[in-house]
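Just final_10.cif here, mmCIF, C-alpha atoms and all ligand atoms:
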```
data_protein
#
loop_
_atom_site.label_atom_id
_atom_site.label_comp_id
_atom_site.auth_asym_id
_atom_site.auth_seq_id
_atom_site.Cartn_x
_atom_site.Cartn_y
_atom_site.Cartn_z
CA MET C 1 0.00 0.00 0.00
CA MET C 2 1.40 3.43 -0.94
CA ASN C 3 0.58 6.20 1.53
CA ILE C 4 0.08 9.55 -0.16
CA LEU C 5 0.36 13.14 1.03
CA LEU C 6 -1.60 15.28 -1.43
CA LEU C 7 -0.66 18.98 -1.23
CA GLY C 8 -3.30 21.13 -2.95
CA ALA C 9 -6.02 18.48 -2.57
CA THR C 10 -8.95 20.85 -3.17
CA GLY C 11 -7.71 21.96 -6.61
CA SER C 12 -8.09 20.64 -10.14
CA ILE C 13 -4.98 18.41 -10.05
CA GLY C 14 -6.01 17.38 -6.54
CA GLU C 15 -9.34 16.20 -7.92
CA SER C 16 -7.67 14.13 -10.66
CA VAL C 17 -5.29 12.56 -8.13
CA LEU C 18 -8.24 11.67 -5.87
CA ASN C 19 -10.04 10.12 -8.81
CA VAL C 20 -7.05 7.88 -9.62
CA ILE C 21 -6.76 6.91 -5.93
CA SER C 22 -10.48 6.06 -5.75
CA GLN C 23 -10.05 3.68 -8.71
CA ASN C 24 -7.04 1.97 -7.08
CA LYS C 25 -7.95 1.73 -3.42
CA GLU C 26 -6.22 -1.64 -3.00
CA SER C 27 -2.79 -0.07 -3.66
CA LEU C 28 -3.17 3.68 -2.93
CA ASN C 29 -4.14 5.32 0.33
CA LEU C 30 -4.77 9.03 0.92
CA LEU C 31 -3.11 9.58 4.29
CA GLY C 32 -2.66 13.35 4.35
CA ILE C 33 -3.76 16.48 2.51
CA SER C 34 -3.19 20.21 2.42
CA PHE C 35 -5.27 23.06 1.09
CA ASN C 36 -5.61 26.81 1.59
CA LYS C 37 -9.22 27.76 2.33
CA ASN C 38 -11.73 25.77 0.33
CA VAL C 39 -13.40 24.23 3.38
CA LEU C 40 -16.49 23.08 1.45
CA ARG C 41 -14.45 20.95 -0.94
CA TYR C 42 -12.35 19.74 1.99
CA GLN C 43 -15.46 18.45 3.73
CA GLU C 44 -16.38 16.38 0.68
CA ILE C 45 -12.85 14.93 0.60
CA LEU C 46 -13.04 14.20 4.32
CA LYS C 47 -16.29 12.28 3.86
CA GLU C 48 -14.93 10.09 1.10
CA TYR C 49 -11.28 9.55 2.08
CA SER C 50 -10.94 10.54 5.79
CA PRO C 51 -7.23 11.43 5.64
CA ASP C 52 -5.38 11.25 8.98
CA TYR C 53 -3.46 14.49 8.50
CA VAL C 54 -4.93 17.81 7.33
CA TYR C 55 -2.85 20.96 6.87
CA VAL C 56 -4.78 24.22 6.32
CA ASP C 57 -2.65 27.16 5.17
CA ASP C 58 -5.18 30.00 5.55
CA HIS C 59 -5.25 30.97 9.21
CA ASP C 60 -8.95 31.97 9.39
CA SER C 61 -10.04 28.70 7.77
CA PHE C 62 -7.74 26.79 10.14
CA LYS C 63 -9.25 28.60 13.14
CA SER C 64 -12.85 27.98 12.06
CA LEU C 65 -12.15 24.26 11.56
CA CYS C 66 -10.41 24.04 14.95
CA ASN C 67 -13.54 25.46 16.59
CA LYS C 68 -15.39 22.30 15.58
CA ASP C 69 -12.60 19.75 15.99
CA LYS C 70 -9.77 20.94 18.20
CA GLY C 71 -6.33 19.41 17.75
CA ARG C 72 -7.07 17.77 14.40
CA TYR C 73 -5.72 20.45 12.04
CA LEU C 74 -2.19 21.63 11.21
CA ASN C 75 -1.11 25.17 10.32
CA GLY C 76 2.08 27.22 10.12
CA ASP C 77 5.55 26.58 8.64
CA GLU C 78 6.79 24.30 11.41
CA GLU C 79 3.81 21.99 11.23
CA LEU C 80 4.03 21.90 7.43
CA GLU C 81 7.67 20.85 7.70
CA ARG C 82 6.88 18.20 10.31
CA LEU C 83 4.02 16.87 8.17
CA ILE C 84 6.07 16.56 4.98
CA ASN C 85 8.87 14.82 6.89
CA LYS C 86 6.62 12.17 8.47
CA ASP C 87 7.90 8.65 7.86
CA ASP C 88 4.37 7.40 7.13
CA PHE C 89 4.30 8.95 3.62
CA ASP C 90 5.70 7.10 0.60
CA ILE C 91 4.66 9.71 -1.97
CA ILE C 92 4.28 13.48 -1.79
CA VAL C 93 2.17 15.09 -4.50
CA CYS C 94 2.99 18.78 -4.99
CA ALA C 95 -0.18 20.19 -6.53
CA THR C 96 -0.44 23.56 -4.84
CA SER C 97 -0.82 26.38 -7.35
CA GLY C 98 1.69 29.17 -7.91
CA PHE C 99 4.66 30.38 -5.89
CA ALA C 100 2.80 29.29 -2.71
CA GLY C 101 3.90 25.77 -3.63
CA LEU C 102 7.61 26.56 -3.33
CA LYS C 103 7.68 26.18 0.46
CA SER C 104 6.40 22.61 0.41
CA ALA C 105 8.37 21.60 -2.71
CA TYR C 106 11.52 22.89 -0.99
CA ILE C 107 10.84 20.84 2.16
CA ALA C 108 9.85 17.78 0.11
CA SER C 109 13.01 17.96 -2.00
CA LYS C 110 15.07 17.14 1.11
CA THR C 111 13.04 14.10 2.24
CA GLY C 112 14.54 11.37 0.02
CA LYS C 113 10.99 10.33 -0.88
CA LYS C 114 9.16 10.17 -4.18
CA ILE C 115 7.71 13.55 -5.22
CA LEU C 116 5.04 13.82 -7.88
CA LEU C 117 5.39 17.33 -9.16
CA ALA C 118 2.59 19.38 -10.73
CA ASN C 119 3.57 22.77 -9.30
CA LYS C 120 5.79 24.08 -12.11
CA GLU C 121 6.13 27.53 -10.49
CA SER C 122 8.31 26.08 -7.71
CA ILE C 123 10.78 24.81 -10.34
CA VAL C 124 10.69 28.02 -12.38
CA ALA C 125 11.24 30.19 -9.30
CA GLY C 126 13.55 27.84 -7.43
CA GLY C 127 15.00 25.27 -9.85
CA ASP C 128 18.59 26.04 -8.89
CA LEU C 129 17.70 25.32 -5.27
CA ILE C 130 15.31 22.38 -5.51
CA LEU C 131 16.99 20.18 -8.12
CA PRO C 132 20.41 20.08 -6.40
CA LEU C 133 18.71 19.41 -3.03
CA ALA C 134 16.69 16.56 -4.51
CA LYS C 135 19.83 15.04 -6.02
CA GLU C 136 21.78 15.38 -2.79
CA ASN C 137 19.02 13.67 -0.79
CA ASN C 138 18.08 10.98 -3.33
CA THR C 139 14.62 12.47 -3.71
CA GLU C 140 12.99 11.21 -6.89
CA ILE C 141 10.95 13.80 -8.81
CA ILE C 142 8.36 12.43 -11.22
CA PRO C 143 6.60 15.08 -13.30
CA ILE C 144 2.82 15.17 -13.51
CA ASP C 145 2.65 18.13 -15.89
CA SER C 146 1.46 16.27 -19.00
CA GLU C 147 4.29 17.37 -21.32
CA HIS C 148 7.02 16.53 -18.82
CA ASN C 149 5.39 13.27 -17.90
CA ALA C 150 5.31 12.47 -21.63
CA ILE C 151 9.04 13.20 -21.96
CA PHE C 152 9.70 11.12 -18.84
CA GLN C 153 7.79 8.19 -20.35
CA CYS C 154 9.57 8.56 -23.72
CA LEU C 155 12.92 8.43 -21.92
CA SER C 156 12.11 5.43 -19.74
CA GLY C 157 14.28 2.52 -20.78
CA GLU C 158 16.99 4.90 -22.05
CA LYS C 159 20.34 5.29 -20.28
CA GLY C 160 19.60 8.94 -19.65
CA THR C 161 19.48 11.82 -22.09
CA GLU C 162 22.81 11.28 -23.85
CA ASP C 163 21.17 9.91 -27.03
CA VAL C 164 18.59 12.68 -27.20
CA LYS C 165 18.86 14.93 -30.23
CA ASN C 166 15.96 17.18 -29.42
CA ILE C 167 12.65 17.40 -27.57
CA THR C 168 9.44 18.92 -28.92
CA ILE C 169 7.13 20.26 -26.25
CA THR C 170 3.59 20.63 -27.55
CA ALA C 171 1.25 23.48 -26.66
CA SER C 172 -2.51 23.50 -27.13
CA GLY C 173 -2.23 27.24 -27.76
CA GLY C 174 -5.34 27.98 -25.70
CA PRO C 175 -8.41 29.82 -26.97
CA PHE C 176 -6.58 32.70 -28.73
CA ILE C 177 -3.88 30.88 -30.65
CA ASN C 178 -4.84 32.38 -34.01
CA THR C 179 -5.41 35.92 -32.74
CA PRO C 180 -2.58 38.48 -32.64
CA ILE C 181 -1.84 39.97 -29.19
CA LYS C 182 -2.87 43.42 -30.35
CA GLU C 183 -6.41 42.15 -30.97
CA LEU C 184 -6.77 40.72 -27.46
CA LYS C 185 -7.52 43.97 -25.66
CA HIS C 186 -11.21 43.25 -25.07
CA VAL C 187 -10.95 39.60 -24.09
CA THR C 188 -13.18 38.86 -21.07
CA ILE C 189 -12.17 36.76 -18.07
CA GLU C 190 -14.78 34.16 -19.09
CA GLU C 191 -13.32 33.92 -22.62
CA ALA C 192 -9.78 33.58 -21.26
CA LEU C 193 -10.85 30.89 -18.79
CA ASN C 194 -12.64 28.90 -21.49
CA HIS C 195 -9.86 26.51 -22.51
CA PRO C 196 -10.73 24.39 -25.55
CA ASN C 197 -9.24 21.10 -24.20
CA TRP C 198 -8.44 21.17 -20.50
CA LYS C 199 -10.40 22.03 -17.35
CA MET C 200 -7.83 23.43 -14.93
CA GLY C 201 -7.37 25.98 -12.13
CA SER C 202 -7.68 29.63 -13.16
CA LYS C 203 -3.97 30.58 -12.94
CA VAL C 204 -2.74 27.82 -15.28
CA THR C 205 -5.71 28.40 -17.62
CA ILE C 206 -4.76 32.07 -18.09
CA ASP C 207 -1.11 31.03 -18.52
CA SER C 208 -2.25 28.65 -21.21
CA ALA C 209 -4.20 31.41 -22.98
CA THR C 210 -1.16 33.73 -23.03
CA LEU C 211 1.23 30.84 -23.90
CA VAL C 212 3.30 31.85 -20.87
CA ASN C 213 2.44 28.37 -19.58
CA LYS C 214 4.59 26.89 -22.35
CA CYS C 215 7.42 29.26 -21.44
CA LEU C 216 7.20 28.17 -17.79
CA GLU C 217 7.21 24.57 -19.02
CA LEU C 218 10.34 25.15 -21.09
CA ILE C 219 12.13 26.27 -17.93
CA GLU C 220 10.61 23.38 -15.97
CA ALA C 221 11.83 20.92 -18.63
CA LYS C 222 15.34 22.36 -18.67
CA TYR C 223 15.62 21.74 -14.93
CA LEU C 224 13.84 18.38 -14.73
CA PHE C 225 15.79 16.80 -17.60
CA ASN C 226 19.00 18.75 -17.04
CA LEU C 227 19.32 19.74 -20.70
CA ASP C 228 20.25 23.00 -22.35
CA GLU C 229 17.27 25.05 -23.63
CA LYS C 230 18.59 24.53 -27.19
CA TYR C 231 17.35 20.95 -27.04
CA PHE C 232 13.72 22.08 -26.71
CA ASP C 233 11.33 23.25 -29.42
CA LEU C 234 7.91 24.62 -28.55
CA VAL C 235 5.28 23.68 -31.13
CA VAL C 236 1.54 24.33 -31.18
CA HIS C 237 -0.62 21.21 -31.41
CA PRO C 238 -4.22 22.33 -30.84
CA GLN C 239 -5.74 18.88 -30.20
CA SER C 240 -3.56 18.14 -27.11
CA VAL C 241 -3.26 14.46 -28.00
CA ILE C 242 0.52 14.23 -28.44
CA HIS C 243 1.90 15.54 -25.16
CA SER C 244 5.54 15.79 -26.25
CA ILE C 245 8.04 14.12 -28.60
CA VAL C 246 11.61 12.99 -27.98
CA THR C 247 13.86 12.63 -31.04
CA PHE C 248 16.99 10.48 -30.65
CA VAL C 249 20.33 10.72 -32.46
CA ASP C 250 19.43 7.73 -34.68
CA GLY C 251 16.43 9.56 -36.15
CA SER C 252 13.67 7.89 -34.11
CA SER C 253 11.05 10.17 -32.61
CA ILE C 254 9.00 8.76 -29.75
CA CYS C 255 5.90 10.45 -28.43
CA GLN C 256 3.32 9.83 -25.72
CA MET C 257 -0.36 10.20 -26.63
CA SER C 258 -3.65 10.24 -24.78
CA ALA C 259 -6.89 12.15 -24.73
CA PRO C 260 -6.38 15.39 -22.77
CA ASP C 261 -7.03 14.10 -19.26
CA MET C 262 -4.64 14.78 -16.36
CA ARG C 263 -5.55 11.44 -14.79
CA VAL C 264 -3.38 9.74 -17.43
CA PRO C 265 -0.01 11.30 -16.43
CA ILE C 266 -1.07 11.09 -12.77
CA ALA C 267 -1.83 7.37 -13.06
CA HIS C 268 1.58 6.85 -14.67
CA ALA C 269 3.36 8.82 -11.97
CA LEU C 270 1.49 6.98 -9.19
CA SER C 271 2.21 3.55 -10.64
CA ASN C 272 4.95 1.44 -9.20
CA GLU C 273 6.18 -1.61 -11.12
CA ASN C 274 2.91 -2.15 -12.94
CA ARG C 275 0.76 0.46 -14.61
CA LEU C 276 -2.40 1.42 -12.74
CA SER C 277 -5.68 0.74 -14.42
CA ILE C 278 -8.12 3.67 -14.77
CA ASP C 279 -11.15 4.39 -16.88
CA PHE C 280 -10.06 6.71 -19.68
CA ASN C 281 -11.39 8.08 -22.95
CA ASN C 282 -10.12 5.99 -25.84
CA LEU C 283 -8.52 7.82 -28.74
CA ASP C 284 -10.38 6.96 -31.91
CA PHE C 285 -7.46 6.50 -34.29
CA ASN C 286 -9.88 6.02 -37.22
CA ASN C 287 -10.97 9.62 -36.86
CA LEU C 288 -7.91 11.41 -35.65
CA ASN C 289 -6.48 14.27 -37.67
CA LEU C 290 -3.52 15.65 -35.81
CA PHE C 291 -1.87 18.86 -36.84
CA PHE C 292 0.87 21.19 -35.69
CA GLN C 293 1.64 24.85 -36.21
CA LYS C 294 4.43 27.26 -35.36
CA PHE C 295 4.61 29.13 -32.09
CA PRO C 296 3.07 32.50 -33.03
CA SER C 297 5.70 35.08 -33.94
CA ASP C 298 4.23 37.80 -31.66
CA ARG C 299 4.65 35.43 -28.65
CA MET C 300 8.35 34.83 -29.47
CA GLU C 301 9.44 37.72 -27.25
CA ILE C 302 8.03 35.93 -24.20
CA GLN C 303 9.58 32.62 -25.31
CA ASN C 304 12.94 34.37 -25.65
CA ILE C 305 12.68 35.65 -22.08
CA ALA C 306 12.10 32.07 -20.92
CA ARG C 307 15.16 30.95 -22.91
CA GLU C 308 17.20 33.65 -21.21
CA VAL C 309 15.98 32.38 -17.82
CA CYS C 310 17.11 28.88 -18.82
CA ASN C 311 20.56 30.11 -19.82
CA LYS C 312 21.23 32.39 -16.88
CA GLY C 313 19.35 30.48 -14.14
CA GLY C 314 19.73 31.65 -10.58
CA LEU C 315 17.05 34.09 -9.49
CA LEU C 316 15.99 35.12 -12.97
CA GLY C 317 13.22 32.50 -12.94
CA THR C 318 11.98 33.92 -9.63
CA VAL C 319 11.58 37.31 -11.32
CA PHE C 320 9.88 35.89 -14.40
CA ASN C 321 7.48 33.84 -12.30
CA ALA C 322 6.56 36.66 -9.91
CA ALA C 323 6.04 39.14 -12.77
CA ASN C 324 3.69 36.69 -14.47
CA GLU C 325 1.77 35.85 -11.28
CA VAL C 326 1.13 39.55 -10.59
CA ALA C 327 0.11 40.13 -14.22
CA VAL C 328 -2.35 37.21 -14.16
CA GLU C 329 -3.83 38.25 -10.79
CA SER C 330 -4.22 41.82 -12.09
CA PHE C 331 -6.07 40.58 -15.18
CA LEU C 332 -8.35 38.39 -13.04
CA LYS C 333 -9.05 41.42 -10.82
CA LYS C 334 -9.90 43.43 -13.95
CA GLU C 335 -7.06 45.90 -13.29
CA ILE C 336 -5.49 45.36 -16.72
CA SER C 337 -6.66 44.06 -20.07
CA PHE C 338 -5.52 40.64 -21.30
CA ASP C 339 -2.96 42.02 -23.79
CA LYS C 340 -1.27 43.97 -20.98
CA ILE C 341 -0.23 40.73 -19.21
CA TYR C 342 2.73 40.62 -21.63
CA GLU C 343 3.59 44.26 -21.02
CA VAL C 344 3.69 43.78 -17.24
CA ILE C 345 6.13 40.89 -17.69
CA TYR C 346 8.34 42.78 -20.20
CA ARG C 347 8.53 45.87 -18.01
CA THR C 348 9.13 43.96 -14.77
CA PHE C 349 11.67 41.46 -16.05
CA ASP C 350 15.18 42.56 -15.20
CA LYS C 351 17.72 40.30 -16.81
CA ASN C 352 20.55 41.88 -14.85
CA ILE C 353 19.28 40.73 -11.48
CA LEU C 354 22.06 39.37 -9.29
CA SER C 355 21.55 35.68 -9.75
CA ASN C 356 24.27 33.74 -7.98
CA ASN C 357 23.15 33.59 -4.38
CA VAL C 358 20.23 31.15 -4.54
CA SER C 359 18.68 30.14 -1.21
CA ILE C 360 15.12 29.89 0.08
CA GLU C 361 15.62 33.30 1.71
CA THR C 362 16.92 35.06 -1.43
CA ILE C 363 14.19 33.50 -3.56
CA ASN C 364 11.50 34.73 -1.14
CA GLU C 365 13.09 38.17 -1.04
CA VAL C 366 13.43 38.55 -4.81
CA ASP C 367 9.88 37.25 -5.25
CA ALA C 368 8.55 39.87 -2.81
CA GLN C 369 10.57 42.71 -4.40
CA THR C 370 9.50 41.72 -7.90
CA ARG C 371 5.84 41.69 -6.87
CA ILE C 372 6.15 45.26 -5.55
CA HIS C 373 7.80 46.32 -8.80
CA ALA C 374 5.22 44.51 -10.95
CA LYS C 375 2.31 46.07 -9.04
CA LYS C 376 3.78 49.52 -9.72
CA VAL C 377 3.99 48.62 -13.40
CA VAL C 378 0.33 47.51 -13.29
CA LYS C 379 -0.68 50.86 -11.75
CA SER C 380 1.31 52.79 -14.34
CA ILE C 381 -0.30 51.07 -17.34
CA ALA C 382 -3.81 50.35 -16.00
P1 LIG C 401 -6.10 25.02 -8.50
O1 LIG C 401 -6.16 26.48 -8.39
O2 LIG C 401 -7.27 24.28 -9.04
O3 LIG C 401 -5.77 24.38 -7.06
C1 LIG C 401 -4.73 24.86 -6.27
C2 LIG C 401 -4.62 24.09 -4.97
O4 LIG C 401 -3.58 24.69 -4.19
C3 LIG C 401 -5.88 24.18 -4.11
O5 LIG C 401 -5.99 23.00 -3.35
C4 LIG C 401 -5.58 25.37 -3.19
O6 LIG C 401 -6.33 25.38 -1.98
C5 LIG C 401 -4.13 25.08 -2.92
N1 LIG C 401 -3.41 26.26 -2.43
C6 LIG C 401 -3.36 27.50 -2.96
N2 LIG C 401 -2.60 28.31 -2.21
C7 LIG C 401 -2.17 27.56 -1.17
C8 LIG C 401 -1.37 27.81 -0.04
N3 LIG C 401 -0.88 29.04 0.21
N4 LIG C 401 -1.11 26.80 0.82
C9 LIG C 401 -1.63 25.56 0.61
N5 LIG C 401 -2.40 25.26 -0.45
C10 LIG C 401 -2.67 26.24 -1.30
O7 LIG C 401 -4.78 24.70 -9.32
P2 LIG C 401 -4.48 23.46 -10.31
O8 LIG C 401 -4.84 22.19 -9.64
O9 LIG C 401 -5.01 23.74 -11.66
O10 LIG C 401 -2.90 23.56 -10.46
C11 LIG C 401 -2.01 23.15 -9.44
C12 LIG C 401 -0.60 23.17 -10.00
O11 LIG C 401 -0.49 22.18 -11.02
C13 LIG C 401 -0.20 24.51 -10.65
O12 LIG C 401 1.14 24.77 -10.40
C14 LIG C 401 -0.42 24.24 -12.15
O13 LIG C 401 0.43 25.02 -12.96
C15 LIG C 401 -0.04 22.78 -12.23
N6 LIG C 401 -0.68 22.09 -13.35
C16 LIG C 401 -2.04 22.03 -13.41
C17 LIG C 401 -2.67 21.36 -14.45
C18 LIG C 401 -4.16 21.18 -14.45
O14 LIG C 401 -4.67 20.45 -15.30
N7 LIG C 401 -4.90 21.78 -13.56
C19 LIG C 401 -1.89 20.75 -15.55
C20 LIG C 401 -0.46 20.84 -15.34
C21 LIG C 401 0.11 21.49 -14.29
P3 LIG C 401 -7.78 26.13 -1.96
O15 LIG C 401 -8.62 25.35 -2.90
O16 LIG C 401 -8.18 26.01 -0.55
O17 LIG C 401 -7.55 27.54 -2.42
MG MG C 402 1.41 21.21 -19.10
#
```
I'd like the structure from this file rewritten - as structure tokens, please.
Amino acid sequence: MMNILLLGATGSIGESVLNVISQNKESLNLLGISFNKNVLRYQEILKEYSPDYVYVDDHDSFKSLCNKDKGRYLNGDEELERLINKDDFDIIVCATSGFAGLKSAYIASKTGKKILLANKESIVAGGDLILPLAKENNTEIIPIDSEHNAIFQCLSGEKGTEDVKNITITASGGPFINTPIKELKHVTIEEALNHPNWKMGSKVTIDSATLVNKCLELIEAKYLFNLDEKYFDLVVHPQSVIHSIVTFVDGSSICQMSAPDMRVPIAHALSNENRLSIDFNNLDFNNLNLFFQKFPSDRMEIQNIAREVCNKGGLLGTVFNAANEVAVESFLKKEISFDKIYEVIYRTFDKNILSNNVSIETINEVDAQTRIHAKKVVKSIA
């Protein structure tokens, strides 16, 4: 039986993980969860899975739950650290959204356990901290992000990445793939959140609509597979059936395919020696017309920033991530129009930031400073 700690249990990835667990109860057990403040969803999870450990990050929600059941709930940095380090857990799923996930990914990277990683922002903002720590402590990181899980599956059975010639990361392109940025001024929140293929949390859905998600994933891939950014191409594939392609030096290209459903990479990542069985939507290969198109030229500037982050590393990813998070929040609060998300990132990104001294403290500090800067930019262009 594998005992699982699911961080971010009340979210979209959390829901997919729970679904895979519920279909494999004989081998998977939900032993602990964390969430921020969605108490209603938590109560549903409690009813169905009754996890032993529950960490609640938002203090008011923690307090209100403690009023009903004193002593049951965990809160605060020390308790989070103690929870993640408990011997009882075999697998830690990092599915918190945004920079908030860094804290737990950082602690988890030192445990020597198996981490299933969905929270790409922790790698973008802290890759130069987390990856070396994981290596040092024999912590295994298995990606859940569908593209990275696809690459991971394509590489399984290989000696490593030495025979890789190049890797193509596919992007759905989101709802506005064929519309130039300059025509996106009047996009509504509802339109931006209406992803053609995937149902996800709001932050990653907006990232997908701007294509910044693919830029974050480029950085994530560089760190997870320890390859130079030059190995990676970003290609638009609107059907989201091929999740990425690895081409080897002998000319073979291997890809991983499935219907767009996050339970597929999650089931792979949760499997041990044998694959887990889940109910999934079959691909109908008799009626499948797959196509690909170039990354749009007016989104190349943002891709180039991500490539710069890959090449320079250090705290540059922290800046890129924080600038994007503030831009997305500002759009969702109706402070800026959709097209201005790019402008906030361009104006906030400072490629000359001192990037050598990477620690949890410097990452938190640069993140906080960048947010202040980005909010000023938002005010100046709103
Ligand atoms: P959601 O917004 O749906 O869920 C986020 C989860 O994180 C919720 O459980 C939320 O709790 C919790 N959370 C937020 N802030 C905190 C905090 N400060 N402390 C503890 N928990 C917190 O996000 P998604 O599930 O869509 O995405 C999660 C991560 O996975 C993101 O990094 C995303 O980029 C990545 N990802 C998502 C995909 C998807 O299909 N959704 C695909 C690939 C990657 P609460 O509900 O209480 O607010
Ligand atoms: Mg992805």
Report the centre and edge lengths, in Å to one decimal, of an axis-aligned box enclosing every atom of ligand LIG 401 (chain C) listed in the file, padded by 5 Å on each side, as AutoDock Vina command-line options.
```
--center_x -3.7 --center_y 24.7 --center_z -7.4 --size_x 19.8 --size_y 18.6 --size_z 26.4
```
Residues within 12 Å of ligand MG 402 (chain C), counting all atoms listed in the file, as a PyMOL selection string: chain C and resi 13+117-121+143-151+169-174+197-200+204-205+207-208+211-221+234+240+242-244+260-262+265
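Relative to atom CA of C:Ser109, atom C14 of ligand LIG 401 (chain C) is found at 18.0 Å.
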Residue nearest ligand LIG 401 (chain C) among C:Gly112, C:Gly71, C:Pro132, C:Gly101 (counting only C-alpha atoms and all ligand atoms):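 When distances to ligand LIG 401 (chain C) are compared using only C-alpha atoms and all ligand atoms, the smallest one comes from C:Gly101.
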Would you list the contacts of C:Phe89 as a list of chain:residue names, taking every protein, DNA or RNA residue within 9 Å and counting all atoms listed in the file, but skipping same-chain residues closer than 2 positions in sequence?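 The neighbour list is C:Met2, C:Asn3, C:Ile4, C:Leu5, C:Leu31, C:Gly32, C:Ile84, C:Asn85, C:Lys86, C:Asp87, C:Ile91, C:Ile92, C:Lys113.
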Can you measure atom CA of C:Ile107 to atom CA of C:Leu40 for me? One decimal in Å is fine.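 Rounded to one decimal, the two atoms are 27.4 Å apart.
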One decimal, Å: what's the distance from atom O17 of ligand LIG 401 (chain C) over to atom CA of C:Ser61, could you say? 10.6 Å
Shell around C:Val187 at 9 Å using only C-alpha atoms, local window under 5 positions removed, as an mmCIF file with C-alpha atoms, in the coordinates of the input:
```cif
data_model
loop_
_atom_site.group_PDB
_atom_site.id
_atom_site.type_symbol
_atom_site.label_atom_id
_atom_site.label_comp_id
_atom_site.auth_asym_id
_atom_site.auth_seq_id
_atom_site.Cartn_x
_atom_site.Cartn_y
_atom_site.Cartn_z
ATOM 1 C CA ALA C 192 -9.780 33.580 -21.260
ATOM 2 C CA SER C 337 -6.660 44.060 -20.070
ATOM 3 C CA PHE C 338 -5.520 40.640 -21.300
ATOM 4 C CA ASP C 339 -2.960 42.020 -23.790
#
```
Of the listed residues C:Asp298, C:Leu46, C:Arg263, C:Thr139, that which approaches ligand LIG 401 (chain C) most closely, counting all atoms listed in the file: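 Nearest to ligand LIG 401 (chain C): C:Arg263.
Closest approach to ligand LIG 401 (chain C) from the set C:Ser253, C:Ser202, C:Asn194, C:Asn226 is made by C:Ser202, with distances taken over all atoms listed in the file.
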From the list C:Val235, C:Leu316, C:Ala267, C:Cys255, which residue is nearest C:Asn356 when using only C-alpha atoms? C:Leu316
Residue with smallest distance to ligand LIG 401 (chain C) - pool C:Arg275, C:Lys203, C:His268, C:Lys110, counting all atoms listed in the file: C:Lys203
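Among the candidates C:Lys47, C:Arg72, C:Lys103, C:Lys185, the residue lying nearest to ligand LIG 401 (chain C) is C:Lys103 (atoms considered: all atoms listed in the file).
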Residues within 7 Å of C:Leu193, please, as a compact mmCIF listing (two decimals) with C-alpha atoms, keeping the file's coordinate frame. Count only C-alpha atoms; anything in the same chain fewer than 2 positions from it doesn't count.
```
# COMPACT_ATOMS: atom_id res chain seq x y z
CA ILE C 189 -12.17 36.76 -18.07
CA GLU C 190 -14.78 34.16 -19.09
CA GLU C 191 -13.32 33.92 -22.62
CA HIS C 195 -9.86 26.51 -22.51
CA SER C 202 -7.68 29.63 -13.16
CA THR C 205 -5.71 28.40 -17.62
CA ILE C 206 -4.76 32.07 -18.09
```
Ref. answer, residues at most 10 Å from (12.9, 13.6, -10.6) with only C-alpha atoms, as a ChimeraX atom specification: /C:109,114-117,131,134-135,138-143,152,223-225
